[in-house]
Every structure is written in C-alpha cells, then in structure tokens.
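Take a look at the structure set out below.
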Amino acid sequence: MNENHAVCESPEWAEYLQNQILPSLTQHADLGAEMLEIGPGPGAATDWLRHKVKRLTAVEVDEAAAAKLASRYEGTNVEVVYGDATSLSYPEGLFDSVGSFTMLHHVPTAALQNKILAEAFRVLRPGGVLIASDSVASNGLHHFHEGDTYNPIDPPALLTILLALGFCDVTITVDWGLKFVAHATRT
Ligand SMILES: C[S@@+](CC[C@H](N)C(=O)[O-])C[C@H]1O[C@@H](n2cnc3c(N)ncnc32)[C@H](O)[C@@H]1O
C-alpha cells in the first residue's frame, strides 16, 4: 500500500472504525465464538473484535504486516496467519462470522473480489454472518491511492454477487462509505 495508508495505523482511524463502523455492523449480527477477519492490516478492527468473540483468526496477505500483528497478539485469543483471502486454507463451515474492513478495494480485479466473497461464504457455517465495510468510489480516494491498487466496490454488483453466492438476509448501506451484512445459508 502507498504511504498515505499510514493513516490506518493512527489512533484516529482506530477510533473511527471502533466507534462508528463496527458497532453499527454488529448491532444486528451475532458474531458467535469463532471469527475470521480478512486483511487486518495494522489491526484497528482486530483490537475491537477480539473482545467480542472467543477466538479471532486474522488472515493477512502482506507478510511484514502479518508478522508485526502476530507478535502483538502472541498469547491472546487472536491467531494471525500470513495468507491470501482469495484462497483460504480452512474447511467449509469453520467460522461463525467473517469480517472484512477497508480491504476489498485493495483487491485488483472484480473476479478476485468475488473469489474472496465466495471463500467467506464457504468457510462460514450455515447461518453465519459476513460483516464488511469499505469506501465508495470517489475522485479523492482515486488520488489517495496513487501508485497503489484502487478497485472500489460497485454496490449494485455487490448485491448481485452476494445473492448469487447464496448469501441471504443481505443489508447494504451506502452513504459516503459502504457497509454490508450478509448471512450464509445453505440448502
Ligand atoms: C487498507 S488496509 C485495511 C486494514 C484494516 N482492515 C483496517 O480497516 O484498518 C487493507 C489490508 O488488506 C490486506 N489485503 C489485501 N488483499 C488481501 C488478500 N487477498 N488477503 C488478505 N489480506 C489482503 C492488505 O495487505 C492490507 O493490510
């Protein structure tokens, strides 16, 4: 990620995620005992989520970021794994909940973003919940990501793919950002 993303390590960013985004995403979602977070980065959401579940597994594709976070959470209920959310090593139905925050727009193609959503569905138990937040496309964010991957999510396309994957009871909120909650049900 480019140097502008130093903001993700700031107390202001953590406060914003923890006070404004995560409570609204979780107020109607039962996270259960076993949660998977994808793309934790410096861990602003991880710090908050780990107090809401019994065990939190965090999969991070950036090896240095994963190592730093792993050492911070050593001996806690958080396991940080260096890995790629487009291809998770976990069996079907292992998690009660999956979380993704500010990471999908860093995934370079719509096909890979869809693969991540499909993997989230696969590793969720029936009835489990995916909670996520991201940005919506803007010129400001396009410039913010100069020299970096910037592939914003299209909300209508998101609804289509979530339903096609088998998610149900989907809530998508679009204001200046994007939040969504989707439940996994299997027939
Ligand atoms: C902008 S940061 C957001 C970090 C944190 N979730 C937050 O909201 O503060 C996006 C993170 O997603 C990670 N990421 C991007 N693609 C990924 C993938 N395919 N699998 C796992 N992590 C990924 C990046 O390495 C980066 O740490």
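FYI, nothing fancy with the structure tokens labels: chains A, B, ... in order, residues from 1 per chain, ligands from 1 as they appear.
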Show me which residues sit within 7 Å of ligand 1 when counting only C-alpha atoms and all ligand atoms, and put them as number ranges by chain.
A: 5, 8, 38-45, 59-62, 65, 83-86, 100-104, 106-107
For the selection just defined, write its residues with N, CA, C and O atoms to a file, as a CSV table (one decimal), in the first residue's frame.
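The resulting file, result-v1.csv, is reproduced below:
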```
chain,number,residue,atom,x,y,z
A,5,HIS,N,-1.4,5.3,3.4
A,5,HIS,CA,-2.1,4.4,4.3
A,5,HIS,C,-1.5,4.3,5.7
A,5,HIS,O,-2.0,3.5,6.5
A,8,CYS,N,-4.0,4.3,8.5
A,8,CYS,CA,-4.6,3.1,9.1
A,8,CYS,C,-4.0,2.6,10.4
A,8,CYS,O,-4.5,1.8,11.1
A,38,ILE,N,-10.4,-10.9,7.5
A,38,ILE,CA,-9.5,-10.9,6.4
A,38,ILE,C,-9.0,-9.5,6.2
A,38,ILE,O,-9.7,-8.5,6.3
A,39,GLY,N,-7.6,-9.4,5.9
A,39,GLY,CA,-7.0,-8.1,5.7
A,39,GLY,C,-7.0,-7.2,6.9
A,39,GLY,O,-7.4,-6.1,6.8
A,40,PRO,N,-6.5,-7.7,8.0
A,40,PRO,CA,-6.5,-6.9,9.2
A,40,PRO,C,-5.5,-5.7,9.2
A,40,PRO,O,-5.7,-4.7,10.0
A,41,GLY,N,-4.5,-5.7,8.3
A,41,GLY,CA,-3.5,-4.6,8.3
A,41,GLY,C,-2.9,-4.4,9.7
A,41,GLY,O,-2.5,-5.3,10.4
A,42,PRO,N,-2.9,-3.1,10.1
A,42,PRO,CA,-2.3,-2.8,11.4
A,42,PRO,C,-3.2,-3.3,12.6
A,42,PRO,O,-2.8,-3.1,13.8
A,43,GLY,N,-4.4,-3.7,12.4
A,43,GLY,CA,-5.2,-4.3,13.4
A,43,GLY,C,-6.3,-3.4,14.1
A,43,GLY,O,-6.7,-3.7,15.2
A,44,ALA,N,-6.7,-2.3,13.5
A,44,ALA,CA,-7.6,-1.4,14.1
A,44,ALA,C,-8.9,-2.1,14.5
A,44,ALA,O,-9.5,-1.9,15.5
A,45,ALA,N,-9.4,-2.9,13.6
A,45,ALA,CA,-10.7,-3.7,13.8
A,45,ALA,C,-10.4,-4.9,14.7
A,45,ALA,O,-11.2,-5.2,15.6
A,59,VAL,N,-6.4,-13.2,8.7
A,59,VAL,CA,-5.5,-13.6,7.6
A,59,VAL,C,-5.1,-12.4,6.8
A,59,VAL,O,-5.9,-11.6,6.3
A,60,GLU,N,-3.8,-12.2,6.7
A,60,GLU,CA,-3.2,-11.0,6.1
A,60,GLU,C,-2.2,-11.4,5.0
A,60,GLU,O,-1.3,-12.2,5.3
A,61,VAL,N,-2.3,-10.8,3.8
A,61,VAL,CA,-1.5,-11.2,2.7
A,61,VAL,C,-0.1,-10.5,2.7
A,61,VAL,O,0.8,-11.0,2.0
A,62,ASP,N,0.0,-9.4,3.4
A,62,ASP,CA,1.3,-8.7,3.5
A,62,ASP,C,2.1,-9.4,4.6
A,62,ASP,O,1.7,-9.3,5.8
A,65,ALA,N,3.3,-7.1,7.5
A,65,ALA,CA,2.1,-6.7,8.4
A,65,ALA,C,1.6,-7.9,9.2
A,65,ALA,O,1.3,-7.7,10.4
A,83,GLY,N,-1.5,-15.2,4.8
A,83,GLY,CA,-2.2,-15.9,3.7
A,83,GLY,C,-3.1,-15.0,2.9
A,83,GLY,O,-3.1,-13.8,3.1
A,84,ASP,N,-3.7,-15.6,1.9
A,84,ASP,CA,-4.4,-14.8,0.9
A,84,ASP,C,-5.9,-15.2,1.0
A,84,ASP,O,-6.3,-16.4,0.9
A,85,ALA,N,-6.7,-14.2,1.2
A,85,ALA,CA,-8.2,-14.4,1.4
A,85,ALA,C,-8.9,-14.9,0.1
A,85,ALA,O,-10.0,-15.4,0.2
A,86,THR,N,-8.2,-14.8,-1.0
A,86,THR,CA,-8.8,-15.4,-2.2
A,86,THR,C,-8.7,-16.9,-2.2
A,86,THR,O,-9.4,-17.6,-3.0
A,100,SER,N,-14.5,-8.1,7.1
A,100,SER,CA,-13.6,-7.5,6.1
A,100,SER,C,-13.8,-6.0,6.1
A,100,SER,O,-14.9,-5.5,5.9
A,101,PHE,N,-12.7,-5.3,6.4
A,101,PHE,CA,-12.9,-3.8,6.6
A,101,PHE,C,-11.8,-3.1,5.8
A,101,PHE,O,-10.6,-3.4,5.9
A,102,THR,N,-12.3,-2.2,4.9
A,102,THR,CA,-11.4,-1.4,4.2
A,102,THR,C,-10.4,-2.2,3.4
A,102,THR,O,-9.2,-1.7,3.1
A,103,MET,N,-10.7,-3.4,2.9
A,103,MET,CA,-9.7,-4.2,2.2
A,103,MET,C,-10.1,-4.6,0.8
A,103,MET,O,-9.3,-4.7,-0.1
A,104,LEU,N,-11.4,-4.7,0.5
A,104,LEU,CA,-11.8,-5.2,-0.8
A,104,LEU,C,-11.4,-4.3,-1.9
A,104,LEU,O,-11.0,-4.8,-3.0
A,106,HIS,N,-8.7,-3.0,-2.2
A,106,HIS,CA,-7.2,-3.2,-2.5
A,106,HIS,C,-7.0,-4.5,-3.3
A,106,HIS,O,-5.9,-4.9,-3.6
A,107,VAL,N,-8.1,-5.2,-3.6
A,107,VAL,CA,-8.0,-6.4,-4.4
A,107,VAL,C,-8.2,-6.0,-5.9
A,107,VAL,O,-9.2,-5.4,-6.3
```
Running DSSP on the backbone, which parts of range 105-187 of chain A land in strand (DSSP E or B), as number ranges by chain?
A: 124-135, 167-174, 177-184
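Nearest residue to Gly128 in chain A, choosing from A:Gly166, A:Leu31, A:His51, A:Thr149 and counting only C-alpha atoms: A:Leu31.
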Neighbour list for Gly99 in chain A as number ranges by chain, cut-off 8 Å, only C-alpha atoms, skip fewer than 6 positions in-chain
A: 35-38, 130-132
Counting only C-alpha atoms, which residue out of A:Val78, A:Leu49, A:Leu69, A:Ala184 sits closest to Pro126 in chain A?
A:Ala184
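Nearest to Ala157 in chain A of all the residues A:Leu17, A:Val123, A:Val170, A:Ala110 is A:Ala110, based on only C-alpha atoms.
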Looking only at the backbone, which of the residues in range 16-158 of chain A does DSSP tag as alpha helix (DSSP H), as a PyMOL selection string?
chain A and resi 16+22-26+44-49+63-72+110-123+139-144+155-158
What is the distance, in Å and to one decimal place, between CA of Ala182 in chain A and CA of Leu141 in chain A?
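According to the coordinates, CA of Ala182 in chain A and CA of Leu141 in chain A are separated by 25.5 Å.
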So how far away is CA of Ser71 in chain A from CA of Tyr150 in chain A, in Å?
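CA of Tyr150 in chain A sits 28.8 Å away from CA of Ser71 in chain A.
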Just checking: using only C-alpha atoms, which residue out of A:Asn114, A:Thr76, A:Thr26, A:Thr173 ends up closest to Ser135 in chain A?
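Comparing A:Asn114, A:Thr76, A:Thr26, A:Thr173 against Ser135 in chain A, the winner is A:Thr173.
Counting from CA of Leu163 in chain A, the distance to CA of Phe121 in chain A is 10.8 Å.
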I'd like to know which of A:Leu112, A:Val129, A:Val136, A:Leu158 is closest to Thr185 in chain A, using only C-alpha atoms.
A:Val129
